[in-house]
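Q: Input file: work10.txt. Contents: compact mmCIF, C-alpha atoms.
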# COMPACT_ATOMS: atom_id res chain seq x y z
CA MET S 158 56.21 84.27 77.05
CA ALA S 159 59.71 83.01 76.24
CA GLY S 160 58.22 80.34 73.99
CA GLN S 161 56.14 82.96 72.14
CA ALA S 162 59.24 85.12 71.67
CA ASP S 163 61.17 82.19 70.24
CA ASP S 164 58.26 81.37 67.91
CA GLY S 165 58.30 84.97 66.70
CA ALA S 166 62.04 84.83 66.16
CA MET S 167 61.59 81.59 64.26
CA ARG S 168 59.04 83.20 61.93
CA GLN S 169 61.34 86.17 61.38
CA GLY S 170 64.18 83.76 60.64
CA GLU S 171 62.04 81.95 58.07
CA ALA S 172 61.19 85.25 56.40
CA ARG S 173 64.85 86.29 56.25
CA LEU S 174 65.78 82.87 54.91
CA ARG S 175 63.23 83.07 52.10
CA ALA S 176 64.79 86.37 51.05
CA ARG S 177 68.24 84.76 50.70
CA CYS S 178 69.79 82.07 48.59
CA ALA S 179 69.72 78.45 49.72
CA CYS S 180 73.28 78.12 51.03
CA GLY S 181 73.13 75.72 53.98
CA ILE S 182 75.18 72.54 54.32
CA ASP S 183 73.45 69.77 56.26
CA VAL S 184 75.95 67.42 57.94
CA HIS S 185 73.39 65.00 59.40
CA ALA S 186 71.21 63.16 56.89
CA HIS S 187 70.67 59.48 56.26
CA VAL S 188 70.39 56.92 53.50
CA VAL S 189 68.53 53.62 53.36
CA PRO S 190 68.79 51.69 50.07
CA GLU S 191 65.64 50.59 48.31
CA HIS S 192 66.89 46.98 48.41
CA PHE S 193 69.62 45.10 50.26
CA PRO S 194 71.87 42.46 48.69
CA PRO S 195 71.26 38.78 49.36
CA TYR S 196 73.50 37.20 51.96
CA LEU S 197 76.33 35.32 50.26
CA GLY S 198 77.96 33.57 53.23
CA ARG S 199 77.29 30.19 54.81
CA LYS S 200 74.91 31.16 57.61
CA MET S 201 72.86 34.34 57.32
CA PRO S 202 72.81 36.46 60.50
CA ALA S 203 69.34 36.86 61.97
CA ASP S 204 69.65 40.63 61.74
CA TRP S 205 70.68 40.82 58.07
CA PRO S 206 68.46 43.66 56.77
CA ALA S 207 65.90 43.48 54.01
CA THR S 208 63.14 45.72 52.68
CA ALA S 209 59.53 44.95 51.84
CA ALA S 210 56.93 46.90 49.94
CA ALA S 211 54.83 49.38 51.92
CA PRO S 212 51.84 51.50 50.89
CA ALA S 213 52.62 54.74 49.09
CA VAL S 214 52.03 57.93 51.09
CA ASN S 215 51.54 61.39 49.53
CA GLY S 216 52.69 60.08 46.20
CA LEU S 217 55.96 58.73 47.59
CA CYS S 218 57.05 55.10 47.39
CA HIS S 219 57.70 53.58 50.82
CA ARG S 220 59.51 50.44 52.03
CA HIS S 221 59.52 48.60 55.34
CA VAL S 222 63.06 48.03 56.68
CA MET S 223 62.98 44.50 58.08
CA ILE S 224 65.55 43.50 60.73
CA SER S 225 65.33 40.19 62.60
CA GLY S 226 61.95 39.56 60.99
CA ARG S 227 60.40 42.79 62.31
CA ASN S 228 59.65 46.13 60.74
CA TYR S 229 62.35 48.37 62.21
CA ARG S 230 61.19 51.48 60.35
CA THR S 231 59.12 52.42 57.32
CA VAL S 232 60.95 54.86 55.05
CA SER S 233 60.16 56.82 51.91
CA GLU S 234 62.02 56.95 48.62
CA LYS S 235 63.69 60.15 49.83
CA CYS S 236 66.05 57.73 51.60
CA TRP S 237 67.40 56.34 48.32
CA SER S 238 66.38 58.78 45.58
CA ALA S 239 68.83 61.62 44.99
CA THR S 240 66.21 63.42 42.88
CA ARG S 241 63.51 63.33 45.58
CA ARG S 242 66.06 64.47 48.16
CA LEU S 243 67.28 67.41 46.09
CA ASP S 244 63.69 68.54 45.53
CA ASP S 245 63.52 69.46 49.25
CA PHE S 246 66.72 71.51 49.37
CA ALA S 247 65.25 74.89 48.46
CA GLY S 248 62.53 74.68 51.11
CA MET S 249 65.11 73.75 53.75
CA GLY S 250 67.57 76.45 52.70
CA LEU S 251 70.22 73.91 51.67
CA SER S 252 72.80 73.87 48.93
CA GLN S 253 74.51 70.61 49.95
CA GLN S 254 74.01 67.66 52.28
CA ALA S 255 76.36 65.05 53.73
CA ILE S 256 74.65 61.65 53.60
CA SER S 257 75.42 58.63 55.77
CA PRO S 258 73.70 55.30 56.46
CA MET S 259 70.80 54.95 58.86
CA PRO S 260 72.78 54.14 62.05
CA GLU S 261 71.08 50.78 62.63
CA LEU S 262 72.77 49.61 59.41
CA LEU S 263 76.30 50.06 60.82
CA SER S 264 76.05 46.39 61.85
CA TYR S 265 78.71 46.26 64.56
CA TRP S 266 76.91 43.31 66.13
CA MET S 267 77.59 41.08 63.11
CA SER S 268 80.94 39.45 62.51
CA ALA S 269 83.21 41.73 60.50
CA GLU S 270 83.22 39.12 57.73
CA ASP S 271 79.43 39.40 57.43
CA ALA S 272 79.22 43.15 57.95
CA GLY S 273 81.95 43.96 55.43
CA PRO S 274 80.02 43.13 52.22
CA LEU S 275 76.88 44.82 53.55
CA LEU S 276 78.75 48.03 54.38
CA ARG S 277 80.55 47.97 51.03
CA TYR S 278 77.13 47.78 49.34
CA LEU S 279 75.86 50.73 51.40
CA ASN S 280 78.95 52.76 50.57
CA GLU S 281 78.56 52.12 46.86
CA GLN S 282 74.87 53.05 47.03
CA ILE S 283 75.87 56.34 48.66
CA ALA S 284 78.52 56.86 45.96
CA ALA S 285 75.90 56.40 43.26
CA MET S 286 73.65 59.02 44.90
CA VAL S 287 76.58 61.43 45.19
CA ALA S 288 77.42 60.96 41.50
CA GLU S 289 73.81 61.51 40.48
CA SER S 290 73.55 64.71 42.53
CA GLY S 291 76.17 66.68 40.63
CA GLY S 292 78.12 67.55 43.77
CA ARG S 293 75.17 68.55 45.94
CA LEU S 294 75.43 65.37 48.02
CA ILE S 295 78.59 64.53 49.97
CA GLY S 296 79.39 60.94 50.94
CA MET S 297 80.00 59.78 54.51
CA GLY S 298 80.68 56.04 54.57
CA ALA S 299 80.37 53.16 57.01
CA VAL S 300 83.13 50.88 58.29
CA PRO S 301 83.14 47.62 60.33
CA LEU S 302 84.53 49.18 63.50
CA GLN S 303 84.24 45.87 65.36
CA ASP S 304 87.48 44.97 63.51
CA ILE S 305 89.97 47.85 63.47
CA ASP S 306 92.07 46.53 60.58
CA LYS S 307 89.04 45.96 58.36
CA ALA S 308 87.61 49.34 59.39
CA ILE S 309 90.82 51.08 58.31
CA ALA S 310 90.79 49.20 55.01
CA GLU S 311 87.21 50.31 54.28
CA LEU S 312 88.05 53.84 55.41
CA ARG S 313 90.77 53.94 52.77
CA TYR S 314 88.34 52.64 50.16
CA VAL S 315 85.62 55.21 50.84
CA THR S 316 88.03 58.15 50.99
CA GLN S 317 90.59 57.25 48.34
CA THR S 318 88.46 55.30 45.84
CA LEU S 319 84.95 56.69 46.35
CA GLY S 320 86.12 60.19 47.28
CA PHE S 321 84.01 60.52 50.44
CA ALA S 322 84.59 63.29 52.96
CA GLY S 323 84.72 60.79 55.82
CA VAL S 324 82.67 58.28 57.75
CA GLU S 325 79.81 57.95 60.17
CA ILE S 326 80.40 55.84 63.27
CA GLY S 327 78.19 54.83 66.18
CA SER S 328 78.49 56.21 69.70
CA ASN S 329 79.62 52.81 70.95
CA VAL S 330 80.75 49.54 69.41
CA ASN S 331 78.93 46.70 71.11
CA GLY S 332 78.98 48.62 74.38
CA THR S 333 82.52 49.98 74.17
CA PRO S 334 82.54 53.79 73.98
CA ILE S 335 84.43 55.35 71.11
CA GLY S 336 86.78 57.12 73.51
CA ASP S 337 88.30 53.76 74.45
CA PRO S 338 92.02 53.56 73.54
CA ARG S 339 91.42 50.48 71.38
CA PHE S 340 90.02 52.76 68.66
CA LEU S 341 93.08 55.04 68.53
CA PRO S 342 94.59 53.31 65.46
CA PHE S 343 91.36 53.92 63.55
CA PHE S 344 91.29 57.59 64.48
CA GLU S 345 94.98 57.87 63.61
CA ALA S 346 94.07 56.62 60.12
CA CYS S 347 91.21 59.12 59.90
CA GLU S 348 93.59 61.93 60.79
CA ALA S 349 96.18 60.76 58.28
CA LEU S 350 93.56 60.55 55.51
CA ASP S 351 92.01 63.91 56.46
CA ALA S 352 88.69 62.09 56.93
CA ALA S 353 85.87 63.70 58.91
CA VAL S 354 84.12 61.51 61.50
CA PHE S 355 80.43 61.99 62.33
CA VAL S 356 79.26 60.24 65.52
CA HIS S 357 75.62 59.18 65.80
CA ALA S 358 73.85 57.71 68.81
CA LEU S 359 73.45 53.95 68.46
CA LYS S 360 71.84 51.32 70.72
CA PRO S 361 71.71 53.78 73.62
CA ALA S 362 72.32 52.97 77.25
CA GLY S 363 69.52 53.51 79.74
CA MET S 364 66.62 52.19 77.68
CA ASP S 365 65.40 50.29 80.76
CA ARG S 366 64.88 53.64 82.53
CA LEU S 367 62.41 55.02 79.98
CA VAL S 368 58.68 54.91 80.62
CA GLY S 369 56.63 55.11 77.44
CA PRO S 370 56.56 54.10 73.76
CA ALA S 371 59.45 53.09 71.52
CA PRO S 372 59.99 56.52 69.87
CA LEU S 373 61.31 57.78 73.22
CA GLN S 374 64.56 56.08 72.24
CA GLN S 375 65.08 58.80 69.63
CA VAL S 376 63.57 61.58 71.74
CA LEU S 377 65.30 60.96 75.09
CA ALA S 378 67.87 58.16 74.93
CA TYR S 379 69.81 59.35 71.87
CA PRO S 380 70.90 62.68 73.43
CA THR S 381 72.01 60.91 76.61
CA GLU S 382 73.97 58.33 74.63
CA VAL S 383 75.74 60.80 72.37
CA GLY S 384 76.58 63.01 75.37
CA LEU S 385 78.33 60.07 77.04
CA ALA S 386 80.13 59.23 73.79
CA ALA S 387 81.45 62.79 73.50
CA ALA S 388 82.48 62.72 77.17
CA SER S 389 84.39 59.48 76.55
CA VAL S 390 86.35 61.17 73.78
CA ILE S 391 87.31 63.93 76.23
CA THR S 392 88.16 61.66 79.17
CA GLY S 393 90.01 59.37 76.76
CA ASN S 394 92.11 62.35 75.59
CA LEU S 395 91.46 61.49 71.94
CA LEU S 396 92.24 64.97 70.59
CA VAL S 397 95.31 65.20 72.78
CA HIS S 398 96.64 62.20 70.85
CA ARG S 399 95.07 63.11 67.48
CA PRO S 400 94.87 66.93 67.48
CA ARG S 401 94.09 67.27 63.76
CA LEU S 402 91.14 64.87 63.86
CA ARG S 403 87.81 66.43 62.89
CA ILE S 404 85.07 64.63 64.80
CA ALA S 405 81.45 65.77 65.19
CA PHE S 406 78.56 64.67 67.37
CA SER S 407 74.89 64.44 66.45
CA HIS S 408 71.96 66.01 68.32
CA GLY S 409 74.00 69.00 69.47
CA GLY S 410 76.33 66.73 71.41
CA GLY S 411 73.36 65.54 73.46
CA THR S 412 73.85 66.03 77.18
CA LEU S 413 77.50 67.05 76.92
CA ALA S 414 76.77 70.77 77.34
CA SER S 415 75.25 69.99 80.75
CA LEU S 416 77.90 67.45 81.71
CA LEU S 417 80.85 69.68 80.80
CA PRO S 418 80.73 72.08 83.80
CA ARG S 419 80.60 69.09 86.15
CA LEU S 420 83.48 67.44 84.35
CA HIS S 421 85.52 70.63 84.54
CA LYS S 422 84.77 70.97 88.25
CA GLY S 423 85.65 67.31 88.86
CA TRP S 424 88.92 67.82 87.00
CA GLY S 425 89.83 70.39 89.63
CA VAL S 426 88.53 68.44 92.65
CA PHE S 427 89.41 64.77 92.16
CA PRO S 428 93.08 63.83 91.74
CA ALA S 429 92.18 60.67 89.79
CA VAL S 430 90.16 62.71 87.29
CA ARG S 431 92.99 65.25 87.06
CA ASP S 432 95.45 62.45 86.34
CA GLN S 433 93.17 60.93 83.67
CA LEU S 434 92.44 64.09 81.68
CA GLN S 435 95.62 65.39 80.11
CA ARG S 436 94.04 68.72 79.15
CA ASP S 437 91.24 70.94 80.43
CA PRO S 438 87.94 69.25 79.38
CA ILE S 439 86.47 72.57 78.25
CA GLU S 440 89.40 73.11 75.88
CA GLN S 441 88.94 69.60 74.52
CA ALA S 442 85.18 70.07 74.06
CA ARG S 443 85.87 73.19 72.03
CA GLN S 444 87.89 71.14 69.55
CA LEU S 445 84.91 68.90 68.76
CA PHE S 446 82.16 69.70 66.26
CA TYR S 447 78.41 69.43 66.89
CA ASP S 448 75.28 69.61 64.77
CA THR S 449 72.44 72.04 65.49
CA LEU S 450 69.69 69.44 65.82
CA VAL S 451 68.20 70.66 69.12
CA PHE S 452 64.86 72.20 67.96
CA ASP S 453 65.22 75.26 70.19
CA PRO S 454 66.92 78.66 69.67
CA LEU S 455 67.73 79.11 73.37
CA THR S 456 69.45 75.72 73.50
CA LEU S 457 71.36 76.54 70.34
CA ARG S 458 72.63 79.78 71.86
CA HIS S 459 73.71 77.81 74.94
CA LEU S 460 75.69 75.39 72.77
CA ALA S 461 77.44 78.30 71.08
CA ALA S 462 78.35 79.72 74.50
CA GLN S 463 79.67 76.37 75.73
CA PHE S 464 81.44 75.05 72.64
CA GLY S 465 82.00 78.14 70.49
CA SER S 466 80.00 79.13 67.43
CA SER S 467 82.90 77.93 65.27
CA GLN S 468 82.09 74.32 66.20
CA LEU S 469 78.36 74.16 65.31
CA MET S 470 77.00 72.98 61.95
CA ALA S 471 73.53 72.61 60.49
CA GLY S 472 72.13 69.11 60.95
CA THR S 473 68.64 67.78 60.24
CA ASP S 474 68.29 63.95 60.51
CA TYR S 475 66.63 64.13 57.08
CA PRO S 476 64.51 62.41 55.76
CA PHE S 477 63.07 60.73 58.84
CA ASN S 478 59.87 62.09 60.38
CA PHE S 479 61.73 63.42 63.45
CA HIS S 480 63.90 65.81 61.43
CA ASP S 481 64.42 69.56 61.32
CA ALA S 482 62.67 70.80 58.17
CA ALA S 483 63.92 74.39 58.60
CA PRO S 484 67.51 74.22 59.89
CA LEU S 485 68.60 77.63 58.63
CA ALA S 486 65.50 79.30 60.02
CA HIS S 487 66.32 77.85 63.44
CA ILE S 488 69.87 79.19 63.17
CA GLU S 489 68.67 82.64 62.15
CA ALA S 490 66.13 82.63 64.99
CA ALA S 491 68.94 82.00 67.49
CA PHE S 492 71.55 84.46 66.22
CA ASP S 493 71.36 88.04 64.90
CA ASP S 494 74.99 88.27 63.84
CA VAL S 495 75.34 87.66 60.09
CA ALA S 496 78.81 86.16 60.41
CA THR S 497 77.65 83.68 63.09
CA VAL S 498 74.67 82.64 60.97
CA ALA S 499 76.91 82.11 57.95
CA ALA S 500 79.37 80.06 60.00
CA LEU S 501 76.66 77.74 61.34
CA ALA S 502 74.82 77.54 58.03
CA HIS S 503 77.77 76.55 55.88
CA GLY S 504 81.20 77.89 56.92
CA ASN S 505 81.90 75.45 59.74
CA ALA S 506 80.66 72.50 57.68
CA ARG S 507 83.10 73.39 54.92
CA ARG S 508 85.92 73.11 57.46
CA PHE S 509 84.58 69.86 58.86
CA LEU S 510 84.00 68.30 55.44
CA ALA S 511 87.20 69.84 54.06
CA ARG S 512 88.17 66.75 52.10
CA ALA S 513 85.04 67.01 49.95
CA PHE S 514 85.59 70.66 49.14
CA THR S 515 89.26 70.15 48.35
CA SER S 516 88.19 67.46 45.85
CA LEU S 517 85.58 69.76 44.29
CA GLU S 518 88.10 72.57 43.94
CA LYS S 519 90.55 70.23 42.18
CA GLU S 520 87.83 69.11 39.76
CA THR S 521 86.95 72.70 38.83
CA THR S 522 90.52 73.93 38.25
Please express the file's structure as C-alpha cells.

A:
Amino acid sequence: MAGQADDGAMRQGEARLRARCACGIDVHAHVVPEHFPPYLGRKMPADWPATAAAPAVNGLCHRHVMISGRNYRTVSEKCWSATRRLDDFAGMGLSQQAISPMPELLSYWMSAEDAGPLLRYLNEQIAAMVAESGGRLIGMGAVPLQDIDKAIAELRYVTQTLGFAGVEIGSNVNGTPIGDPRFLPFFEACEALDAAVFVHALKPAGMDRLVGPAPLQQVLAYPTEVGLAAASVITGNLLVHRPRLRIAFSHGGGTLASLLPRLHKGWGVFPAVRDQLQRDPIEQARQLFYDTLVFDPLTLRHLAAQFGSSQLMAGTDYPFNFHDAAPLAHIEAAFDDVATVAALAHGNARRFLARAFTSLEKETT
C-alpha cells in the first residue's frame, strides 16, 4: 500500500510540475566526448580511452567507449551534443544543468603526466558545450588528483580561465579516500577559489561481495562507496579545517544516512573515535550537500530529516540509462511545502554552484 501511495504522489507531482515553469537545476549529469585525442606521449597507457561507431538507436547517434580494448559503455550523442541535451530539459523540469565527465574518465590510475592532457581535453570539451548552451549548462571540470600540485593548477585553469563553477572528483584516488589529510591542500585551494566540489562514486570497494551481473556496480556498490567517502570527510574533519568548502555527494550520499546514527553513537562511546572527530558528526554531515538521486520519495524525506532540506539538490545522472528522468516530480512527490520544493529544485543548487551564478550576474550587469 505504501508503494501505491508513493506512486500516486509521484503522479500528482508530475501533474503539478507540468503546470509550472521548468526551473530545476540538475547538479549531477555527465559528459562523454564524441572522440578522444590521440596519445602524444612515448608509451600509450593501456586504458587510454577511445570511441568507436555504434548503431544508431531511436534516431540518435551512439558511440562505444573503449577502455583497455573493451567496450566500457555505449553512449548516445546526448553525452556530447548540447542541443540534444537541452531538448530534454522541458520534459525533466530543468532550466540548467551542471555537467561533469563520466567518472571513469577521471583517470587517476594513469600517471599525472598522461592524465593531464586528457583531462584538459575533457575540460575544453565541456567549456565548448557550456558556451553553446547560452548559460543553460554549467561546467564542472576534472583534475589529476593523483598529483596535488597538478590538480591545483588545473583547478585554477577551469575556474579562472574556463569560468567553471567547480570540479568533479572521485570518491577515492587509487584506494585512498578523499577524507585523507593528503588532499587538504587541494580542498584549501577549492575553498580559496570558491569552487564547488561534486564527489562521485568511482571504482567502488566491495565488488567481490556482489552476486550478479555487472550493472550491480551502479545499483549497489556506488551507494556504499559514496557513503564511505562522505564518512571519511567527516572522520577526517575536512569541514572543520575548511569550513567554507562546498562539497556534495552523489546518490543521496549513499549509505551515509544509515551510517550517521552509528557514527554519532560511536563518537559518544569510544574514546578513540571521540578524539578523532573534532566536531559532532551530525553537525558535520549537515554542512555537506547531497543530490536527490535515490528514486524514492520516502528515502528523500529521510535524507531531508537527517541532513536538512537545505543540503539537498536535484541530481539525475543524465544521460545514462540509469538516470532520473523526472527529478522535480520526485521532489514534489516527497514534499508538500512549496518552499522546500523550491529549495531542492533550484535554490540549494544556486548556493552550491554560487561561482557560476556570480559570473552570470556580472555578465548581465

Q: Which residue out of S:Phe509, S:Arg199, S:Ser415, S:Glu234 has the minimum interatomic distance to Asn215 of chain S when all atoms listed in the file are used?

A: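 Between S:Phe509, S:Arg199, S:Ser415, S:Glu234, the residue approaching Asn215 of chain S most closely is S:Glu234.
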
Q: Within 12 Å of segment 458-476 of chain S, which residues of segment 368-428 of chain S come that close, and what is the closest atom pair and distance in Å for each? Count all atoms listed in the file and give it as a Markdown table.

A:
| residue | atom | partner | partner_atom | distance |
| --- | --- | --- | --- | --- |
| S:Gln375 | CA | S:Asp474 | CA | 11.0 |
| S:Arg403 | CA | S:Gln468 | CA | 10.3 |
| S:Ile404 | CA | S:Gln468 | CA | 10.2 |
| S:Ala405 | CA | S:Gln468 | CA | 8.6 |
| S:Phe406 | CA | S:Leu469 | CA | 9.7 |
| S:Ser407 | CA | S:Gly472 | CA | 7.7 |
| S:His408 | CA | S:Gly472 | CA | 8.0 |
| S:Gly409 | CA | S:Leu460 | CA | 7.4 |
| S:Gly410 | CA | S:Leu460 | CA | 8.8 |
| S:Gly411 | CA | S:Leu460 | CA | 10.1 |
| S:Thr412 | CA | S:Leu460 | CA | 10.5 |
| S:Leu413 | CA | S:Leu460 | CA | 9.5 |
| S:Ala414 | CA | S:Gln463 | CA | 6.5 |
| S:Ser415 | CA | S:Gln463 | CA | 9.2 |
| S:Leu416 | CA | S:Gln463 | CA | 10.9 |
| S:Leu417 | CA | S:Gln463 | CA | 8.5 |
| S:Pro418 | CA | S:Gln463 | CA | 9.2 |

Q: Record the distance separating atom CA of Leu455 of chain S and atom CA of Gly248 of chain S, expressed in Å with one decimal.

A: 23.3 Å

Q: List every protein, DNA or RNA residue with an atom no more than 9 Å from (89.1, 69.8, 73.0) in the file's coordinates, counting all atoms listed in the file, and format the result as a tab-separated table (two decimals) with C-alpha atoms, in the frame of the given file.

A:
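Written out: out.tsv:
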chain	number	residue	atom	x	y	z
S	391	ILE	CA	87.31	63.93	76.23
S	394	ASN	CA	92.11	62.35	75.59
S	395	LEU	CA	91.46	61.49	71.94
S	396	LEU	CA	92.24	64.97	70.59
S	397	VAL	CA	95.31	65.20	72.78
S	400	PRO	CA	94.87	66.93	67.48
S	436	ARG	CA	94.04	68.72	79.15
S	437	ASP	CA	91.24	70.94	80.43
S	438	PRO	CA	87.94	69.25	79.38
S	439	ILE	CA	86.47	72.57	78.25
S	440	GLU	CA	89.40	73.11	75.88
S	441	GLN	CA	88.94	69.60	74.52
S	442	ALA	CA	85.18	70.07	74.06
S	443	ARG	CA	85.87	73.19	72.03
S	444	GLN	CA	87.89	71.14	69.55
S	445	LEU	CA	84.91	68.90	68.76

Q: Excluding His187 of chain S and its own-chain neighbours fewer than 5 positions away, which residues fall within 9 Å of it when counting only C-alpha atoms? Please give them as a PyMOL selection string.

A: chain S and resi 236+255-260+474-477

Q: Name all residues at most 9 Å from segment 361-374 of chain S (count all atoms listed in the file; drop same-chain ones fewer than 6 positions away) and give them as a count of residues only.

A: 7

Q: Could you produce a table of the residues of segment 209-255 of chain S lying within 10 Å of segment 290-313 of chain S, with the nearest pair of atoms per residue and their separation in Å rounded to one decimal, using only C-alpha atoms, ordered by chain and increasing residue number, as JSON lines?

A:
{"residue": "S:Ser238", "atom": "CA", "partner": "S:Ser290", "partner_atom": "CA", "distance": 9.8}
{"residue": "S:Ala239", "atom": "CA", "partner": "S:Ser290", "partner_atom": "CA", "distance": 6.2}
{"residue": "S:Thr240", "atom": "CA", "partner": "S:Ser290", "partner_atom": "CA", "distance": 7.5}
{"residue": "S:Arg242", "atom": "CA", "partner": "S:Ser290", "partner_atom": "CA", "distance": 9.4}
{"residue": "S:Leu243", "atom": "CA", "partner": "S:Ser290", "partner_atom": "CA", "distance": 7.7}
{"residue": "S:Phe246", "atom": "CA", "partner": "S:Arg293", "partner_atom": "CA", "distance": 9.6}
{"residue": "S:Leu251", "atom": "CA", "partner": "S:Arg293", "partner_atom": "CA", "distance": 9.3}
{"residue": "S:Ser252", "atom": "CA", "partner": "S:Arg293", "partner_atom": "CA", "distance": 6.5}
{"residue": "S:Gln253", "atom": "CA", "partner": "S:Arg293", "partner_atom": "CA", "distance": 4.6}
{"residue": "S:Gln254", "atom": "CA", "partner": "S:Leu294", "partner_atom": "CA", "distance": 5.0}
{"residue": "S:Ala255", "atom": "CA", "partner": "S:Ile295", "partner_atom": "CA", "distance": 4.4}

Q: Kindly output segment 236-243 of chain S as a tab-separated table (two decimals), in the coordinates of the input, after building all heavy atoms.

A:
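This went into out.tsv:
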chain	number	residue	atom	x	y	z
S	236	CYS	N	64.87	58.38	51.02
S	236	CYS	CA	66.05	57.73	51.60
S	236	CYS	C	67.01	57.23	50.53
S	236	CYS	O	68.21	57.11	50.80
S	236	CYS	CB	65.62	56.55	52.48
S	236	CYS	SG	65.04	57.02	54.12
S	237	TRP	N	66.52	56.90	49.34
S	237	TRP	CA	67.40	56.34	48.32
S	237	TRP	C	67.38	57.10	47.00
S	237	TRP	O	68.21	56.86	46.13
S	237	TRP	CB	67.06	54.87	48.06
S	237	TRP	CG	65.67	54.61	47.55
S	237	TRP	CD1	65.23	54.70	46.25
S	237	TRP	CD2	64.54	54.19	48.32
S	237	TRP	NE1	63.90	54.38	46.18
S	237	TRP	CE2	63.45	54.05	47.44
S	237	TRP	CE3	64.35	53.90	49.68
S	237	TRP	CZ2	62.17	53.65	47.86
S	237	TRP	CZ3	63.08	53.51	50.11
S	237	TRP	CH2	62.02	53.38	49.21
S	238	SER	N	66.47	58.03	46.83
S	238	SER	CA	66.38	58.78	45.58
S	238	SER	C	67.06	60.14	45.72
S	238	SER	O	66.60	61.00	46.47
S	238	SER	CB	64.91	58.99	45.19
S	238	SER	OG	64.80	59.93	44.15
S	239	ALA	N	68.16	60.33	44.97
S	239	ALA	CA	68.83	61.62	44.99
S	239	ALA	C	67.90	62.72	44.48
S	239	ALA	O	67.89	63.84	45.01
S	239	ALA	CB	70.10	61.56	44.16
S	240	THR	N	67.10	62.42	43.47
S	240	THR	CA	66.21	63.42	42.88
S	240	THR	C	65.18	63.90	43.89
S	240	THR	O	64.95	65.11	44.06
S	240	THR	CB	65.50	62.85	41.64
S	240	THR	OG1	66.49	62.45	40.69
S	240	THR	CG2	64.58	63.88	41.02
S	241	ARG	N	64.52	62.96	44.57
S	241	ARG	CA	63.51	63.33	45.58
S	241	ARG	C	64.15	64.15	46.70
S	241	ARG	O	63.57	65.10	47.21
S	241	ARG	CB	62.87	62.08	46.16
S	241	ARG	CG	61.96	61.33	45.21
S	241	ARG	CD	60.67	62.09	44.99
S	241	ARG	NE	59.63	61.24	44.40
S	241	ARG	CZ	58.42	61.66	44.10
S	241	ARG	NH1	58.08	62.93	44.33
S	241	ARG	NH2	57.53	60.84	43.57
S	242	ARG	N	65.34	63.77	47.09
S	242	ARG	CA	66.06	64.47	48.16
S	242	ARG	C	66.36	65.91	47.74
S	242	ARG	O	66.13	66.86	48.49
S	242	ARG	CB	67.34	63.70	48.47
S	242	ARG	CG	68.14	64.19	49.65
S	242	ARG	CD	69.34	63.27	49.87
S	242	ARG	NE	68.92	61.98	50.37
S	242	ARG	CZ	69.00	61.58	51.64
S	242	ARG	NH1	69.50	62.41	52.56
S	242	ARG	NH2	68.60	60.39	52.00
S	243	LEU	N	66.91	66.08	46.55
S	243	LEU	CA	67.28	67.41	46.09
S	243	LEU	C	66.07	68.32	45.93
S	243	LEU	O	66.19	69.54	46.07
S	243	LEU	CB	68.03	67.30	44.76
S	243	LEU	CG	69.39	66.59	44.81
S	243	LEU	CD1	69.99	66.49	43.42
S	243	LEU	CD2	70.35	67.28	45.75
